[in-house]
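Please read the structure below before turning to the comments.
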Amino acid sequence: MHGVVAAVDWSIIKDRILHPDSTFASALWKTVYIAVVSQIIGVLLGLVAALCRMSRLRVLRLLSGLYVLVFRGTPVIVQIFFVYFGANLLFGFDLFPRNLSFGAFAISGAIMAGITALSVNEGAYMREIIRAGIDSIDKGQMEAAKSLGMSPGLAMRRIVLPQAARVIVPPLGNEFNNMLKTTSLLAFIGVTEMFQDADIHYSTTFKPVEYFAAVAFWYLVLTTVWSFIQAAIERRLAAGDYADELSFRERWAQAFVWRMRI
Amino acid sequence: MSDVVMRATDVHKSFGRLEVLKGVSLELTPRETVCIIGPSGSGKTTFIRCINHLEKIDAGRIEVNGHLIGYRERKGKLVEDSEKNVARHRTEVGMVFQRFNLFPHKTALENVIEAPVRVRGVPRDQAVAEAEKLLERVGLLEKCGTYPAKLSGGQQQRVAIARALAMKPALMLFDEPTSALDPEVTGEVLSVMEELAHEGMTMIVVTHEMGFAKVAADRVVMMDDGLIIEEGTPEHFFEAPREERTKQFLSRIL
């Protein structure tokens with residue numbers, strides 16, 4: 001009447017925040033576990049790709065480069081759709097059936113496809129982060145390990161990676177923060193995670209402000225909780241006896257990785 | 001036991017178009033300590049890095065205890081050896097680096113036991129007991145639980161020596177072990193090395209410390225421009241170096 005197009009119904013927002021229903025609780029749980037599982041698989045894929053990048057075999061190095069090129073160079077939503085809708089047609093069979101059950105634990109095909117797409121996409125970013133972390137470790141460490149008779153694999157595992165981990169953790173935390181939010185894209189293939197839940201309420205009530213504000217609040221809760229966990233992990237790593245502060249090389253590598261991501 | 005611990009024959013090595021080693025030959029008999037001197041860029045460091053295959057050689061051959069290093073013979077030709085064999089042969093050669101290269105995420109003791117436990121499969125208790133003896137020998141028993149960042153350069157280098165000795169190598173290589181150290185702590189490292197030499201360890205030491213060469217070396221080798229140009233006893237180098245380039249070099253460092 002006086003320029004207000006629609007009055008905000010604060011009671012809805014309050015209710016969504018203070019009294020989440022069980023559907024929402026299950027949506028929140030899906031968001032969290034999809035993000036966690038995708039991040040873990042993404043880190044493992046990134047590690048494998050980073051090691052391939054350093055392989056003596058040219059073909060592995062090329063594959064690793066191609067992987068990053070493709071998955072960092074295309075939108076993640078395209079990758080999600082490709083995996084969910086395209087892969088079935090491409091392979092001539094259902095890569096992701098409607099439902100999969102592992103005993104009592106059932107998981108929908110959409111979630112499987114979503115986790116697959118998100119992890120493969122994440123792996124490409126993690127390869128760059130892990131590679132930068134490994135590169136930041138002085139070459140003398142590998143040489144010293146080799147001179148003691150350690151094989152390159154053992155030296156990597158026991159000497160280089162534990163040191164690289166310190167460099168990798170801060171950008172890895174940022175990746176996970178991103179991942180928590182990127183899971184919302186799975187709404188478009190029908191995964192009932194938090195954003196999908198909000199979208200369903202919006203389309204039945206036509207109250208976008210209330211429902212999207214409420215779901216934004218919940219994303220903020222997740223990312224904030226994570227930022228505290230991340231800070232605690234980083235504090236523990238930094239408090240290690242072994243180095244009072246990061247070396248110049250490590251700082252540089254971190255700065256580089258962060259900028260690349262932004 | 002053979003009478004030659006290390007034999008390098010006509011070793012060549014290039015980095016791109018720069019030929020760093022132009023045919024280096026050297027033999028070491030057991031218990032011998034050889035110091036390699038020479039101006040920077042003469043190939044001394046590259047040469048000892050070739051001895052444990054941290055650098056691949058382009059031609060010639062290097063044997064330690066009778067095993068070819070880095071290569072194996074197939075139909076009279078040398079082909080590059082598997083990483084597993086290279087690693088196994090490296091256990092016979094200990095190396096001490098200019099910049100120590102201790103593992104910063106491990107304590108002094110953990111640095112020393114890492115390779116015996118992980119590579120040789122020595123039981124941990126036994127490795128710890130041996131490591132403690134080695135750290136005592138380099139005067140750092142009380143620093144067992146200390147991380148490298150909390151040790152001085154001289155202490156770090158002594159831990160690095162203990163770490164290399166823990167693999168019971170037949171040959172120890174020292175790559176300018178004191179040149180990254182403050183002058184006041186070089187003495188503690190050199191005296192550990194001197195003791196080792198007198199105990200009969202076979203050693204090759206790239207160094208500019210002529211004082212050390214004088215007391216510990218059986219032989220001094222002068223390298224310049226990728227070749228050994230003169231060798232002899234330390235006395236020879238102090239009293240009557242033959243080559244003009246040797247005289248010039250010594251006059252600059254002494």
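Convention: chains lettered A, B, ... in structure tokens order; per-chain residue numbering from 1; ligands numbered from 1 as shown.
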
Exercise. Please, which residues of chain B lie no more than 9 Å from chain A when the count uses only C-alpha atoms, and can they be set out as number ranges by chain?
Worked result: B: 52-54, 83-84, 86-97, 99-107, 114-116, 118-120, 146-150, 163-164, 167

For this session: Report as a PyMOL selection string: the residues of stretch 20-141 of chain B with a DSSP assignment of alpha helix (DSSP H), based on the backbone of this structure.
Result: chain B and resi 44-51+83-90+108-115+124-137

Exercise. Skipping near chain neighbours, those fewer than 2 positions away, what residues fall within 9 Å of B:Lys56 using only C-alpha atoms, listed as a list in words?
Worked result: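 Those residues are Lys13, Arg49, Cys50, His53, Leu54, Asp58, Gly70 and Glu80 of chain B.
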
Residue selection dump (C-alpha atoms) as a PDB file, in the first residue's frame:
```
ATOM      1  CA  LYS B  13      77.750 -35.540 -16.402  1.00  0.00           C
ATOM      2  CA  ARG B  49      75.857 -36.600  -5.683  1.00  0.00           C
ATOM      3  CA  CYS B  50      76.480 -39.019  -8.547  1.00  0.00           C
ATOM      4  CA  HIS B  53      72.677 -41.491  -7.780  1.00  0.00           C
ATOM      5  CA  LEU B  54      71.045 -38.247  -6.733  1.00  0.00           C
ATOM      6  CA  ASP B  58      75.828 -39.711 -18.622  1.00  0.00           C
ATOM      7  CA  GLY B  70      72.164 -46.399 -10.643  1.00  0.00           C
ATOM      8  CA  GLU B  80      69.144 -47.493 -15.666  1.00  0.00           C
TER       9      GLU B  80
END
```

Problem set entry | Long-range neighbours of stretch 177-180 of chain A as an MDAnalysis selection string, 6 Å cut-off, only C-alpha atoms, 3 positions minimum in chain | chainID A and resid 35 174 183 223

For this session: With a distance cut-off of 10 Å and only C-alpha atoms, select the neighbouring residues of B:Val5, excluding the residue or stretch itself and same-chain residues fewer than 3 positions from it, and output the selection as a ChimeraX atom specification.
Result: /B:1-2,27-32,63-67,170-171,202-203

Selection from above, N, CA and C atoms, as a CSV table (one decimal), in the first residue's frame, can you write it?
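Contents of the output file result_13.csv:
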```csv
chain,number,residue,atom,x,y,z
B,1,MET,N,85.7,-59.0,1.9
B,1,MET,CA,85.6,-57.6,1.6
B,1,MET,C,86.6,-57.2,0.5
B,2,SER,N,86.1,-56.5,-0.4
B,2,SER,CA,87.0,-56.0,-1.5
B,2,SER,C,87.9,-54.9,-1.0
B,27,GLU,N,89.3,-43.7,-6.8
B,27,GLU,CA,89.1,-45.0,-6.0
B,27,GLU,C,89.3,-44.7,-4.5
B,28,LEU,N,88.5,-45.4,-3.7
B,28,LEU,CA,88.7,-45.3,-2.3
B,28,LEU,C,88.9,-46.7,-1.7
B,29,THR,N,90.0,-46.8,-0.9
B,29,THR,CA,90.2,-48.1,-0.2
B,29,THR,C,89.5,-48.0,1.2
B,30,PRO,N,89.2,-49.1,1.8
B,30,PRO,CA,88.5,-49.1,3.1
B,30,PRO,C,89.3,-48.2,4.1
B,31,ARG,N,88.6,-47.5,4.9
B,31,ARG,CA,89.1,-46.7,6.0
B,31,ARG,C,89.8,-45.4,5.5
B,32,GLU,N,89.7,-45.2,4.2
B,32,GLU,CA,90.4,-44.0,3.7
B,32,GLU,C,89.4,-42.8,3.8
B,63,GLU,N,81.0,-47.7,-8.9
B,63,GLU,CA,80.7,-48.9,-8.1
B,63,GLU,C,81.0,-48.6,-6.7
B,64,VAL,N,80.1,-49.1,-5.8
B,64,VAL,CA,80.3,-49.1,-4.4
B,64,VAL,C,80.2,-50.5,-3.9
B,65,ASN,N,81.2,-50.9,-3.2
B,65,ASN,CA,81.3,-52.3,-2.7
B,65,ASN,C,81.1,-53.3,-3.8
B,66,GLY,N,81.5,-53.0,-5.0
B,66,GLY,CA,81.4,-53.9,-6.1
B,66,GLY,C,80.0,-53.8,-6.9
B,67,HIS,N,79.0,-53.1,-6.3
B,67,HIS,CA,77.8,-52.9,-7.1
B,67,HIS,C,77.8,-51.7,-7.9
B,170,ALA,N,78.8,-48.2,4.1
B,170,ALA,CA,80.1,-48.5,3.9
B,170,ALA,C,81.0,-47.3,3.5
B,171,LEU,N,80.2,-46.2,3.1
B,171,LEU,CA,80.9,-45.0,2.7
B,171,LEU,C,80.1,-43.8,3.1
B,202,THR,N,85.1,-44.9,6.0
B,202,THR,CA,85.6,-44.5,4.6
B,202,THR,C,84.7,-43.3,4.2
B,203,MET,N,85.4,-42.2,3.9
B,203,MET,CA,84.7,-40.9,3.7
B,203,MET,C,85.2,-40.1,2.5
```

Exercise. Leaving out A:Ile111 and any residue of its chain fewer than 3 positions from it, which residues lie within 9 Å of it when counting only C-alpha atoms, given as a ChimeraX atom specification?
Worked result: /A:30,34,107-108,114-116,186,189-191

Generate a file of the selected residues that holds N, CA and C atoms, formatted as a compact mmCIF listing (two decimals), in the first residue's frame.
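Output file result18.txt is given in full below:
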```
# COMPACT_ATOMS: atom_id res chain seq x y z
N LYS A 30 21.28 -34.55 4.90
CA LYS A 30 21.75 -34.89 3.55
C LYS A 30 22.83 -33.90 3.09
N ILE A 34 26.47 -35.40 2.27
CA ILE A 34 26.91 -35.31 0.87
C ILE A 34 28.19 -34.49 0.79
N ILE A 107 20.15 -45.41 -0.38
CA ILE A 107 20.62 -44.14 -0.88
C ILE A 107 20.06 -43.96 -2.30
N SER A 108 19.59 -42.78 -2.61
CA SER A 108 18.95 -42.59 -3.90
C SER A 108 19.99 -42.45 -5.00
N GLY A 114 25.07 -37.25 -7.55
CA GLY A 114 25.52 -35.96 -7.03
C GLY A 114 26.87 -36.07 -6.36
N ILE A 115 27.02 -37.09 -5.51
CA ILE A 115 28.30 -37.28 -4.83
C ILE A 115 29.40 -37.54 -5.85
N THR A 116 29.08 -38.34 -6.86
CA THR A 116 30.09 -38.63 -7.89
C THR A 116 30.55 -37.33 -8.57
N LEU A 186 22.53 -29.75 -6.12
CA LEU A 186 21.93 -31.07 -6.32
C LEU A 186 20.41 -31.01 -6.27
N ILE A 189 18.80 -31.93 -9.52
CA ILE A 189 18.58 -33.31 -9.96
C ILE A 189 17.70 -34.04 -8.94
N GLY A 190 17.01 -33.25 -8.10
CA GLY A 190 15.98 -33.84 -7.26
C GLY A 190 16.45 -34.39 -5.93
N VAL A 191 17.63 -34.00 -5.49
CA VAL A 191 18.06 -34.42 -4.16
C VAL A 191 17.39 -33.49 -3.15
```

Exercise. Skipping near chain neighbours, those fewer than 3 positions away, what residues fall within 10 Å of stretch 20-24 of chain B using only C-alpha atoms, listed as a PyMOL selection string?
Worked result: chain B and resi 8-17+41-44+46-47+57-61+223-229

Can I get the selection written as a short mmCIF file (atom, residue, chain, number, x, y, z; two decimals), in the first residue's frame, with N, CA, C and O atoms?
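So part_1.cif came out as:
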```
data_model
loop_
_atom_site.label_atom_id
_atom_site.label_comp_id
_atom_site.auth_asym_id
_atom_site.auth_seq_id
_atom_site.Cartn_x
_atom_site.Cartn_y
_atom_site.Cartn_z
N ALA B 8 85.09 -44.91 -9.08
CA ALA B 8 84.44 -44.15 -10.15
C ALA B 8 85.38 -44.16 -11.34
O ALA B 8 86.59 -43.94 -11.18
N THR B 9 84.83 -44.49 -12.49
CA THR B 9 85.66 -44.58 -13.68
C THR B 9 85.13 -43.66 -14.77
O THR B 9 83.99 -43.83 -15.23
N ASP B 10 85.91 -42.68 -15.12
CA ASP B 10 85.61 -41.82 -16.27
C ASP B 10 84.16 -41.31 -16.26
O ASP B 10 83.42 -41.48 -17.23
N VAL B 11 83.78 -40.69 -15.15
CA VAL B 11 82.39 -40.24 -15.00
C VAL B 11 82.16 -38.91 -15.73
O VAL B 11 82.91 -37.96 -15.54
N HIS B 12 81.12 -38.92 -16.56
CA HIS B 12 80.72 -37.71 -17.27
C HIS B 12 79.32 -37.32 -16.84
O HIS B 12 78.46 -38.18 -16.64
N LYS B 13 79.10 -36.01 -16.75
CA LYS B 13 77.75 -35.54 -16.40
C LYS B 13 77.55 -34.15 -16.98
O LYS B 13 78.42 -33.27 -16.81
N SER B 14 76.44 -33.97 -17.65
CA SER B 14 76.12 -32.64 -18.18
C SER B 14 74.78 -32.20 -17.65
O SER B 14 73.88 -33.01 -17.46
N PHE B 15 74.63 -30.90 -17.44
CA PHE B 15 73.31 -30.32 -17.20
C PHE B 15 72.98 -29.53 -18.46
O PHE B 15 73.53 -28.46 -18.69
N GLY B 16 72.10 -30.07 -19.28
CA GLY B 16 71.84 -29.43 -20.56
C GLY B 16 73.12 -29.42 -21.37
O GLY B 16 73.74 -30.46 -21.57
N ARG B 17 73.53 -28.23 -21.80
CA ARG B 17 74.75 -28.17 -22.63
C ARG B 17 75.99 -27.93 -21.79
O ARG B 17 77.09 -27.86 -22.32
N GLY B 41 81.73 -24.53 -8.74
CA GLY B 41 81.48 -24.78 -10.15
C GLY B 41 82.45 -25.78 -10.74
O GLY B 41 82.37 -26.10 -11.93
N SER B 42 83.34 -26.34 -9.90
CA SER B 42 84.32 -27.27 -10.45
C SER B 42 83.75 -28.69 -10.59
O SER B 42 84.36 -29.55 -11.19
N GLY B 43 82.56 -28.93 -10.00
CA GLY B 43 81.93 -30.24 -10.15
C GLY B 43 82.06 -31.14 -8.93
O GLY B 43 81.60 -32.28 -8.98
N LYS B 44 82.64 -30.63 -7.83
CA LYS B 44 82.84 -31.48 -6.65
C LYS B 44 81.53 -32.02 -6.11
O LYS B 44 81.37 -33.23 -5.87
N THR B 46 78.54 -32.12 -7.55
CA THR B 46 77.88 -32.98 -8.53
C THR B 46 78.48 -34.37 -8.49
O THR B 46 77.76 -35.37 -8.53
N PHE B 47 79.81 -34.44 -8.38
CA PHE B 47 80.47 -35.74 -8.38
C PHE B 47 79.99 -36.59 -7.20
O PHE B 47 79.61 -37.75 -7.39
N ILE B 57 74.44 -40.22 -14.05
CA ILE B 57 75.63 -39.93 -14.85
C ILE B 57 75.34 -40.23 -16.32
O ILE B 57 74.47 -41.02 -16.65
N ASP B 58 76.06 -39.54 -17.19
CA ASP B 58 75.83 -39.71 -18.62
C ASP B 58 76.74 -40.78 -19.20
O ASP B 58 76.40 -41.45 -20.17
N ALA B 59 77.93 -40.91 -18.65
CA ALA B 59 78.87 -41.92 -19.15
C ALA B 59 79.83 -42.26 -18.02
O ALA B 59 79.97 -41.52 -17.06
N GLY B 60 80.49 -43.42 -18.17
CA GLY B 60 81.39 -43.89 -17.13
C GLY B 60 80.64 -44.82 -16.20
O GLY B 60 79.51 -45.23 -16.48
N ARG B 61 81.29 -45.21 -15.09
CA ARG B 61 80.58 -46.07 -14.15
C ARG B 61 81.05 -45.79 -12.72
O ARG B 61 82.17 -45.34 -12.49
N MET B 223 89.82 -30.55 -7.67
CA MET B 223 89.03 -30.56 -8.91
C MET B 223 88.95 -29.16 -9.48
O MET B 223 88.85 -28.18 -8.74
N ASP B 224 88.99 -29.08 -10.78
CA ASP B 224 88.71 -27.81 -11.44
C ASP B 224 88.10 -28.09 -12.80
O ASP B 224 88.55 -28.99 -13.51
N ASP B 225 87.07 -27.35 -13.12
CA ASP B 225 86.44 -27.43 -14.43
C ASP B 225 86.09 -28.87 -14.83
O ASP B 225 86.35 -29.29 -15.96
N GLY B 226 85.51 -29.62 -13.88
CA GLY B 226 85.01 -30.95 -14.21
C GLY B 226 86.04 -32.06 -14.26
O GLY B 226 85.73 -33.16 -14.68
N LEU B 227 87.26 -31.76 -13.82
CA LEU B 227 88.30 -32.79 -13.85
C LEU B 227 89.10 -32.76 -12.54
O LEU B 227 89.20 -31.73 -11.89
N ILE B 228 89.66 -33.93 -12.20
CA ILE B 228 90.61 -33.96 -11.09
C ILE B 228 91.95 -33.50 -11.66
O ILE B 228 92.47 -34.12 -12.59
N ILE B 229 92.48 -32.40 -11.14
CA ILE B 229 93.72 -31.92 -11.74
C ILE B 229 94.94 -32.26 -10.91
O ILE B 229 96.07 -32.21 -11.39
#
```
